[in-house]
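Novice: I'm passing along protein-v8.cif; it holds mmCIF, C-alpha atoms.
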```cif
data_work
#
loop_
_atom_site.label_atom_id
_atom_site.label_comp_id
_atom_site.auth_asym_id
_atom_site.auth_seq_id
_atom_site.Cartn_x
_atom_site.Cartn_y
_atom_site.Cartn_z
CA ALA A 1 9.38 -29.22 -21.68
CA ARG A 2 11.97 -27.06 -23.42
CA GLU A 3 14.59 -25.72 -21.07
CA LEU A 4 14.33 -21.95 -20.68
CA LEU A 5 17.55 -20.19 -21.64
CA LEU A 6 18.31 -17.07 -19.63
CA SER A 7 20.52 -15.75 -22.42
CA GLU A 8 17.60 -15.50 -24.87
CA LYS A 9 16.37 -11.91 -24.96
CA ASP A 10 12.93 -12.87 -26.26
CA VAL A 11 12.12 -15.30 -23.48
CA LEU A 12 9.00 -14.21 -21.56
CA ARG A 13 8.18 -17.31 -19.58
CA MET A 14 10.34 -17.06 -16.48
CA ARG A 15 10.09 -18.16 -12.88
CA GLY A 16 9.07 -15.31 -10.59
CA CYS A 17 6.64 -14.11 -7.93
CA SER A 18 3.30 -15.93 -8.13
CA LYS A 19 0.26 -15.00 -6.05
CA GLU A 20 -0.99 -18.56 -6.55
CA GLY A 21 2.27 -19.98 -5.18
CA ARG A 22 3.35 -21.53 -8.50
CA PHE A 23 7.00 -20.66 -8.04
CA ALA A 24 8.27 -23.73 -9.92
CA GLN A 25 6.27 -22.87 -13.06
CA PRO A 26 7.40 -20.40 -15.74
CA ILE A 27 4.98 -17.47 -15.91
CA VAL A 28 4.57 -14.09 -17.58
CA THR A 29 3.70 -10.69 -16.10
CA VAL A 30 0.88 -8.74 -17.74
CA ALA A 31 0.40 -4.98 -17.15
CA LEU A 32 -3.07 -3.73 -18.07
CA ALA A 33 -3.99 -0.03 -18.08
CA ILE A 34 -7.65 0.98 -17.88
CA ASP A 35 -9.44 4.31 -18.00
CA GLN A 36 -11.80 5.74 -15.38
CA THR A 37 -14.67 3.55 -16.63
CA GLY A 38 -12.65 0.34 -16.49
CA PHE A 39 -12.15 0.14 -20.28
CA PRO A 40 -8.70 -1.27 -21.28
CA ILE A 41 -6.53 1.28 -23.09
CA GLY A 42 -3.14 -0.42 -23.01
CA CYS A 43 -1.50 -3.75 -22.35
CA LYS A 44 2.10 -4.98 -22.19
CA VAL A 45 3.53 -8.41 -21.47
CA PHE A 46 6.74 -8.73 -19.43
CA ALA A 47 8.99 -11.62 -18.48
CA GLY A 48 7.75 -13.55 -15.46
CA ASN A 49 10.71 -12.50 -13.33
CA ILE A 50 9.81 -8.80 -13.70
CA SER A 51 8.07 -7.50 -10.60
CA GLU A 52 4.97 -5.33 -10.70
CA LEU A 53 7.17 -2.39 -9.72
CA GLY A 54 9.42 -3.05 -12.71
CA SER A 55 6.47 -2.74 -15.08
CA ILE A 56 5.50 0.79 -14.04
CA ASP A 57 8.11 2.80 -15.99
CA PRO A 58 7.70 1.06 -19.37
CA MET A 59 3.91 1.06 -19.05
CA LEU A 60 3.76 4.79 -18.37
CA LYS A 61 6.15 5.47 -21.24
CA SER A 62 4.03 3.34 -23.56
CA LEU A 63 0.86 5.27 -22.68
CA ARG A 64 2.54 8.64 -23.14
CA ASP A 65 4.08 7.64 -26.48
CA LYS A 66 0.86 6.09 -27.77
CA TYR A 67 -1.69 8.66 -26.61
CA ALA A 68 0.50 11.73 -25.95
CA ILE A 69 -0.94 11.78 -22.43
CA GLU A 70 0.53 14.48 -20.18
CA ASP A 71 -1.73 15.16 -17.18
CA VAL A 72 -1.91 11.72 -15.61
CA TYR A 73 -2.78 10.43 -12.15
CA PHE A 74 -1.20 7.08 -11.34
CA VAL A 75 -3.74 5.17 -9.21
CA ALA A 76 -2.74 1.96 -7.43
CA ASP A 77 -3.16 -0.13 -4.32
CA ARG A 78 -0.52 -0.58 -1.60
CA GLY A 79 1.35 -3.20 -3.64
CA LEU A 80 2.70 -0.52 -5.99
CA ASN A 81 3.22 2.41 -3.64
CA SER A 82 6.91 2.07 -2.88
CA THR A 83 8.67 5.37 -2.22
CA GLU A 84 11.05 4.69 -5.11
CA SER A 85 8.12 4.25 -7.52
CA LEU A 86 6.38 7.41 -6.30
CA ASP A 87 9.65 9.33 -6.70
CA LYS A 88 9.95 8.15 -10.32
CA ILE A 89 6.34 9.17 -10.98
CA GLN A 90 7.02 12.65 -9.64
CA GLN A 91 10.17 12.89 -11.76
CA GLU A 92 7.95 12.24 -14.78
CA LYS A 93 5.80 15.17 -13.59
CA LEU A 94 2.79 12.90 -13.14
CA GLY A 95 0.33 12.85 -10.25
CA PHE A 96 -0.51 9.82 -8.13
CA VAL A 97 -3.24 8.56 -5.81
CA VAL A 98 -2.19 5.41 -3.98
CA ALA A 99 -3.27 3.59 -0.84
CA GLN A 100 -1.11 4.13 2.24
CA LYS A 101 -0.71 1.50 4.95
CA VAL A 102 -1.68 2.87 8.37
CA SER A 103 -0.03 0.14 10.43
CA MET A 104 3.65 0.34 11.36
CA GLN A 105 3.61 4.13 11.05
CA LYS A 106 6.14 6.47 12.55
CA PRO A 107 5.00 7.83 15.95
CA GLU A 108 4.39 11.34 14.60
CA ALA A 109 2.23 10.00 11.77
CA ARG A 110 0.25 7.81 14.18
CA GLU A 111 -0.35 10.77 16.48
CA GLN A 112 -1.43 12.89 13.52
CA MET A 113 -3.91 10.26 12.34
CA LEU A 114 -5.49 9.70 15.76
CA ASP A 115 -5.76 13.40 16.63
CA LEU A 116 -9.38 14.51 16.03
CA GLN A 117 -8.29 18.07 15.29
CA GLY A 118 -8.59 18.82 11.59
CA TYR A 119 -11.13 16.09 10.84
CA HIS A 120 -14.39 16.75 9.00
CA ASN A 121 -17.47 14.58 8.98
CA CYS A 122 -18.42 13.50 5.52
CA SER A 123 -21.40 11.88 3.80
CA VAL A 124 -21.74 10.15 0.45
CA GLY A 125 -24.46 11.28 -1.96
CA ASP A 126 -26.47 9.12 -4.31
CA ASP A 127 -23.96 9.96 -7.04
CA GLY A 128 -21.13 8.43 -4.99
CA ARG A 129 -19.46 11.76 -4.27
CA PHE A 130 -18.30 12.77 -0.79
CA ARG A 131 -19.65 15.92 0.82
CA ILE A 132 -18.47 17.67 3.99
CA ASP A 133 -21.07 17.66 6.76
CA ASP A 134 -19.97 19.89 9.66
CA ARG A 135 -23.36 21.34 10.54
CA LYS A 136 -23.47 19.81 14.03
CA GLY A 137 -19.77 19.80 14.76
CA LEU A 138 -17.47 16.80 14.59
CA SER A 139 -18.91 13.38 15.45
CA ALA A 140 -16.19 10.88 16.33
CA ASP A 141 -18.57 7.98 15.66
CA ALA A 142 -19.33 8.92 12.05
CA PHE A 143 -17.32 8.79 8.84
CA ARG A 144 -14.63 11.48 8.93
CA PHE A 145 -11.50 12.55 7.04
CA LYS A 146 -8.68 15.05 7.21
CA VAL A 147 -5.84 16.09 4.92
CA CYS A 148 -2.25 16.72 6.01
CA ASP A 149 1.12 17.36 4.42
CA PHE A 150 3.15 14.17 4.26
CA VAL A 151 6.64 13.02 3.30
CA ARG A 152 7.47 9.48 2.19
CA SER A 153 11.14 8.65 2.83
CA ALA A 154 13.25 5.64 1.94
CA TYR A 155 16.78 4.62 1.06
CA VAL A 156 17.20 3.22 -2.47
CA VAL A 157 20.12 1.98 -4.56
CA ASP A 158 21.49 4.75 -6.73
CA GLU A 159 20.71 4.75 -10.44
CA ALA A 160 24.16 3.45 -11.33
CA GLY A 161 23.26 0.20 -9.58
CA LYS A 162 26.01 0.53 -6.99
CA ILE A 163 25.66 -0.73 -3.44
CA ARG A 164 25.78 2.84 -2.14
CA ARG A 165 22.29 4.01 -1.23
CA LYS A 166 20.65 7.41 -1.35
CA LYS A 167 17.72 8.82 0.57
CA VAL A 168 14.60 9.67 -1.40
CA ASN A 169 11.96 12.06 -0.05
CA VAL A 170 8.56 12.28 -1.75
CA LYS A 171 6.53 15.29 -0.64
CA CYS A 172 2.81 14.73 -1.01
CA ARG A 173 -0.52 14.98 0.80
CA ILE A 174 -2.21 12.30 2.86
CA ILE A 175 -5.94 11.82 3.44
CA TYR A 176 -6.81 9.96 6.62
CA THR A 177 -10.28 8.46 6.81
CA PHE A 178 -12.21 6.77 9.61
CA SER A 179 -15.28 4.62 8.99
CA PRO A 180 -17.37 3.04 11.78
CA GLU A 181 -18.36 0.25 9.36
CA ARG A 182 -14.71 -0.42 8.57
CA ARG A 183 -13.91 -0.40 12.29
CA ALA A 184 -16.55 -3.08 12.92
CA ARG A 185 -15.10 -5.24 10.12
CA ASP A 186 -11.52 -4.71 11.30
CA LEU A 187 -12.37 -5.66 14.89
CA ALA A 188 -14.34 -8.73 13.81
CA ASP A 189 -11.40 -9.82 11.65
CA LEU A 190 -9.00 -9.17 14.54
CA GLU A 191 -11.05 -11.30 16.95
CA ASP A 192 -11.00 -14.15 14.42
CA ARG A 193 -7.22 -13.88 14.14
CA ILE A 194 -6.83 -13.76 17.93
CA ALA A 195 -8.87 -16.97 18.21
CA ARG A 196 -6.69 -18.72 15.61
CA ALA A 197 -3.50 -17.47 17.26
CA SER A 198 -4.74 -18.54 20.70
CA ARG A 199 -5.36 -22.07 19.45
CA ALA A 200 -1.82 -22.20 18.09
CA VAL A 201 -0.46 -21.11 21.50
CA GLN A 202 -2.59 -23.66 23.35
CA GLU A 203 -1.35 -26.41 21.04
CA LYS A 204 2.24 -25.08 21.20
CA GLN A 205 2.54 -25.19 17.45
CA LEU A 206 5.79 -24.69 15.55
CA MET A 207 5.19 -21.57 13.47
CA GLY A 208 8.06 -21.78 10.99
CA ASN A 209 9.51 -18.45 9.94
CA PRO A 210 8.06 -15.35 11.63
CA CYS A 211 5.35 -13.47 9.77
CA SER A 212 4.34 -9.80 9.95
CA SER A 213 0.81 -10.25 8.62
CA GLY A 214 -2.27 -12.32 9.32
CA TRP A 215 -2.96 -14.19 12.54
CA ARG A 216 0.62 -15.45 12.77
CA ALA A 217 1.81 -11.89 13.38
CA LEU A 218 -0.02 -11.98 16.75
CA ILE A 219 2.07 -14.87 18.06
CA GLN A 220 5.15 -14.59 20.21
CA THR A 221 7.57 -17.43 19.55
CA GLN A 222 10.09 -18.99 21.88
CA LYS A 223 12.91 -17.39 19.91
CA GLU A 224 11.53 -14.00 20.82
CA ALA A 225 10.94 -14.99 24.44
CA ALA A 226 14.32 -16.66 25.09
CA GLN A 227 17.43 -16.33 22.95
CA ASN A 228 18.96 -19.56 24.25
CA ALA A 229 16.15 -21.81 22.98
CA LYS A 230 17.11 -24.96 21.11
CA GLU A 231 17.23 -24.69 17.33
CA LYS A 232 14.08 -26.71 16.70
CA GLU A 233 12.21 -24.74 19.38
CA LYS A 234 12.96 -21.35 17.86
CA TYR A 235 9.48 -20.76 16.51
CA ARG A 236 7.36 -22.61 19.06
CA ALA A 237 4.27 -20.51 19.90
CA VAL A 238 4.41 -19.47 23.55
CA GLY A 239 2.06 -16.47 23.79
CA LEU A 240 0.28 -13.59 22.11
CA LYS A 241 1.79 -10.23 21.27
CA GLU A 242 -0.51 -8.05 23.33
CA ASP A 243 1.17 -4.85 22.10
CA VAL A 244 0.40 -5.75 18.47
CA ILE A 245 -3.21 -6.60 19.36
CA THR A 246 -3.62 -3.28 21.20
CA GLU A 247 -2.17 -1.40 18.24
CA ARG A 248 -4.55 -3.08 15.78
CA ARG A 249 -7.53 -2.27 17.98
CA THR A 250 -6.41 1.36 18.13
CA ILE A 251 -6.15 1.81 14.35
CA ALA A 252 -9.26 -0.24 13.49
CA GLY A 253 -11.46 1.72 11.11
CA TYR A 254 -8.69 3.96 9.76
CA ALA A 255 -7.36 4.03 6.20
CA ALA A 256 -5.34 6.48 4.14
CA VAL A 257 -4.30 7.49 0.64
CA VAL A 258 -1.38 9.66 -0.41
CA TYR A 259 -1.59 11.82 -3.48
CA THR A 260 0.05 14.61 -5.41
CA GLN A 261 -0.95 16.69 -8.41
CA PRO A 262 0.72 16.50 -11.86
CA ALA A 263 3.37 19.16 -12.37
CA ALA A 264 2.23 22.01 -14.62
CA ARG A 265 3.89 22.21 -18.04
CA GLU A 266 5.54 25.46 -19.03
CA GLY A 267 2.96 28.05 -19.97
CA GLU A 268 0.02 25.82 -19.03
CA LYS A 269 -2.05 25.05 -15.95
CA THR A 270 -3.08 21.58 -14.88
CA GLN A 271 -6.60 20.75 -13.73
CA GLU A 272 -6.01 19.66 -10.15
CA LEU A 273 -8.24 17.33 -8.16
CA THR A 274 -9.69 18.55 -4.89
CA ASP A 275 -9.46 16.49 -1.70
CA LEU A 276 -13.11 15.44 -2.02
CA GLN A 277 -12.58 14.42 -5.66
CA VAL A 278 -9.67 12.20 -4.59
CA LEU A 279 -11.94 10.58 -1.99
CA SER A 280 -14.75 10.19 -4.50
CA GLY A 281 -12.50 8.75 -7.18
CA ASP A 282 -13.43 11.54 -9.59
CA ASN A 283 -11.32 12.28 -12.63
#
```
Hey, can you dump this file as structure tokens for me?

Specialist:
Amino acid sequence: ARELLLSEKDVLRMRGCSKEGRFAQPIVTVALAIDQTGFPIGCKVFAGNISELGSIDPMLKSLRDKYAIEDVYFVADRGLNSTESLDKIQQEKLGFVVAQKVSMQKPEAREQMLDLQGYHNCSVGDDGRFRIDDRKGLSADAFRFKVCDFVRSAYVVDEAGKIRRKKVNVKCRIIYTFSPERRARDLADLEDRIARASRAVQEKQLMGNPCSSGWRALIQTQKEAAQNAKEKEKYRAVGLKEDVITERRTIAGYAAVVYTQPAAREGEKTQELTDLQVLSGDN
């Protein structure tokens, strides 16, 4: 195979992040934009060492230049919801609707999510749209949601690329939802992970590097239990992290999205989405 030259500006095949674990293979990154019906409206190919986050700015610019789009909502899953990306989207005066992870929250956000005050029960019609259903008062065992002001904060490298960092605050709204069906799935998944983690503890497996997700995140290693453990015993499974298990049981069934409206252009008014439209995925 021809050796890939990093100095060539037109080289696309590069080694980078691979969801299939093919880190030794040269790959490319493809950004595909679709409309509300799932029809492709734009596509760009990037070098394989460009992350998904690095494809956001040029893709948005391409869509605006090609279609003269102004009032845009950037919709994405949690993989593209970094605070730095959301800040750039706001700077472009665009709106966004992105998934927000509910685990590892700050204490005040956790308290806000678990507090029943402000929640509304909601039902989904045959057309897929959400409707508020408060006729009999709040039912904690039914689907519910509430909307709160929210601020995403993070430290990022300044635009000049220097080591010095700056704090970025993204003011937005957050919609917390609770679903009894989701809670049942989350708890079933948690019990499966506890069983797998328990087997690893019983067999005193070496876990390798620590992990913050999946069943491995439930395991306490010897490194965490005793700092003077021998080098090879650092990651020997010695117990379960009961605090993590308790936390995951507490937040089972909850999910969230953060969103903001596009900024109005001078002399014009944008057509803003309501909270229920954001939940329904309307456009």

Novice: Please identify all polymer residues within 10 Å of A:Glu242, counting only C-alpha atoms, omitting same-chain residues fewer than 4 positions from it, and present them as a PDB file with C-alpha atoms, in the coordinates of the input.

Specialist:
```
ATOM      1  CA  LEU A 218      -0.020 -11.980  16.750  1.00  0.00           C
ATOM      2  CA  ILE A 219       2.070 -14.870  18.060  1.00  0.00           C
ATOM      3  CA  GLN A 220       5.150 -14.590  20.210  1.00  0.00           C
ATOM      4  CA  THR A 246      -3.620  -3.280  21.200  1.00  0.00           C
ATOM      5  CA  GLU A 247      -2.170  -1.400  18.240  1.00  0.00           C
ATOM      6  CA  ARG A 248      -4.550  -3.080  15.780  1.00  0.00           C
TER       7      ARG A 248
END
```

Novice: For the structure provided, state which residues fall under the PyMOL selection byres ((chain A and resi 154) around 8), and present them as a ChimeraX atom specification.

Specialist: /A:83-84,152-153,155-156,167-169

Novice: Output the residue selection produced by the PyMOL selection byres ((chain A and resi 254) around 10) on the file above, formatted as a list in words.

Specialist: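 Taken on the displayed file, the PyMOL selection byres ((chain A and resi 254) around 10) yields the residues Lys101, Val102, Ser103, Met113, Leu114, Phe143, Arg144, Phe145, Tyr176, Thr177, Phe178, Ser179, Pro180, Arg182, Arg183, Asp186, Thr250, Ile251, Ala252, Gly253, Ala255 and Ala256 of chain A.
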
Novice: Could you check which of A:Gly118, A:Gly128, A:Gly95, A:Gly137 is closest to A:Val170, using only C-alpha atoms?

Specialist: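 Residue with the minimum atom-to-atom distance to A:Val170: A:Gly95.
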
Novice: Grab the atom CA of A:Val201 to atom CA of A:Ser213 distance for me, in Å with one decimal place.

Specialist: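 Result for atom CA of A:Val201 versus atom CA of A:Ser213: 16.9 Å, one decimal.
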
Novice: May I ask for the distance between atom CA of A:Ala197 and atom CA of A:Arg249, given in Å to one decimal place?

Specialist: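 Spanning atom CA of A:Ala197 to atom CA of A:Arg249 is a straight-line distance of 15.7 Å.
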
Novice: Atoms are missing here; could stretch 94-108 of chain A be completed with N, CA, C and O atoms and written as an mmCIF file, in the coordinates of the input?

Specialist:
```cif
data_model
loop_
_atom_site.group_PDB
_atom_site.id
_atom_site.type_symbol
_atom_site.label_atom_id
_atom_site.label_comp_id
_atom_site.auth_asym_id
_atom_site.auth_seq_id
_atom_site.Cartn_x
_atom_site.Cartn_y
_atom_site.Cartn_z
ATOM 1 N N LEU A 94 4.130 13.464 -13.185
ATOM 2 C CA LEU A 94 2.790 12.900 -13.140
ATOM 3 C C LEU A 94 2.250 12.994 -11.715
ATOM 4 O O LEU A 94 3.011 13.124 -10.758
ATOM 5 N N GLY A 95 0.940 12.912 -11.566
ATOM 6 C CA GLY A 95 0.330 12.850 -10.250
ATOM 7 C C GLY A 95 0.106 11.403 -9.847
ATOM 8 O O GLY A 95 0.205 10.488 -10.669
ATOM 9 N N PHE A 96 -0.184 11.180 -8.577
ATOM 10 C CA PHE A 96 -0.510 9.820 -8.130
ATOM 11 C C PHE A 96 -1.533 9.867 -7.018
ATOM 12 O O PHE A 96 -1.642 10.850 -6.270
ATOM 13 N N VAL A 97 -2.308 8.798 -6.916
ATOM 14 C CA VAL A 97 -3.240 8.560 -5.810
ATOM 15 C C VAL A 97 -3.091 7.096 -5.462
ATOM 16 O O VAL A 97 -3.525 6.228 -6.219
ATOM 17 N N VAL A 98 -2.446 6.800 -4.335
ATOM 18 C CA VAL A 98 -2.190 5.410 -3.980
ATOM 19 C C VAL A 98 -2.544 5.172 -2.513
ATOM 20 O O VAL A 98 -2.467 6.076 -1.681
ATOM 21 N N ALA A 99 -2.931 3.951 -2.215
ATOM 22 C CA ALA A 99 -3.270 3.590 -0.840
ATOM 23 C C ALA A 99 -2.024 3.624 0.039
ATOM 24 O O ALA A 99 -0.923 3.296 -0.407
ATOM 25 N N GLN A 100 -2.202 4.026 1.275
ATOM 26 C CA GLN A 100 -1.110 4.130 2.240
ATOM 27 C C GLN A 100 -1.418 3.265 3.453
ATOM 28 O O GLN A 100 -2.484 3.403 4.057
ATOM 29 N N LYS A 101 -0.516 2.372 3.800
ATOM 30 C CA LYS A 101 -0.710 1.500 4.950
ATOM 31 C C LYS A 101 -0.664 2.315 6.233
ATOM 32 O O LYS A 101 0.230 3.142 6.419
ATOM 33 N N VAL A 102 -1.632 2.099 7.133
ATOM 34 C CA VAL A 102 -1.680 2.870 8.370
ATOM 35 C C VAL A 102 -1.056 2.126 9.548
ATOM 36 O O VAL A 102 -0.893 2.710 10.622
ATOM 37 N N SER A 103 -0.741 0.858 9.369
ATOM 38 C CA SER A 103 -0.030 0.140 10.430
ATOM 39 C C SER A 103 1.466 0.368 10.281
ATOM 40 O O SER A 103 1.946 0.735 9.209
ATOM 41 N N MET A 104 2.194 0.159 11.342
ATOM 42 C CA MET A 104 3.650 0.340 11.360
ATOM 43 C C MET A 104 4.057 1.754 10.934
ATOM 44 O O MET A 104 5.033 1.953 10.215
ATOM 45 N N GLN A 105 3.276 2.744 11.358
ATOM 46 C CA GLN A 105 3.610 4.130 11.050
ATOM 47 C C GLN A 105 4.659 4.667 12.021
ATOM 48 O O GLN A 105 4.858 4.130 13.102
ATOM 49 N N LYS A 106 5.279 5.755 11.634
ATOM 50 C CA LYS A 106 6.140 6.470 12.550
ATOM 51 C C LYS A 106 5.267 7.106 13.637
ATOM 52 O O LYS A 106 4.102 7.421 13.387
ATOM 53 N N PRO A 107 5.812 7.292 14.842
ATOM 54 C CA PRO A 107 5.000 7.830 15.950
ATOM 55 C C PRO A 107 4.311 9.141 15.618
ATOM 56 O O PRO A 107 3.139 9.342 15.971
ATOM 57 N N GLU A 108 4.998 10.049 14.907
ATOM 58 C CA GLU A 108 4.390 11.340 14.600
ATOM 59 C C GLU A 108 3.219 11.189 13.624
ATOM 60 O O GLU A 108 2.224 11.910 13.730
#
```
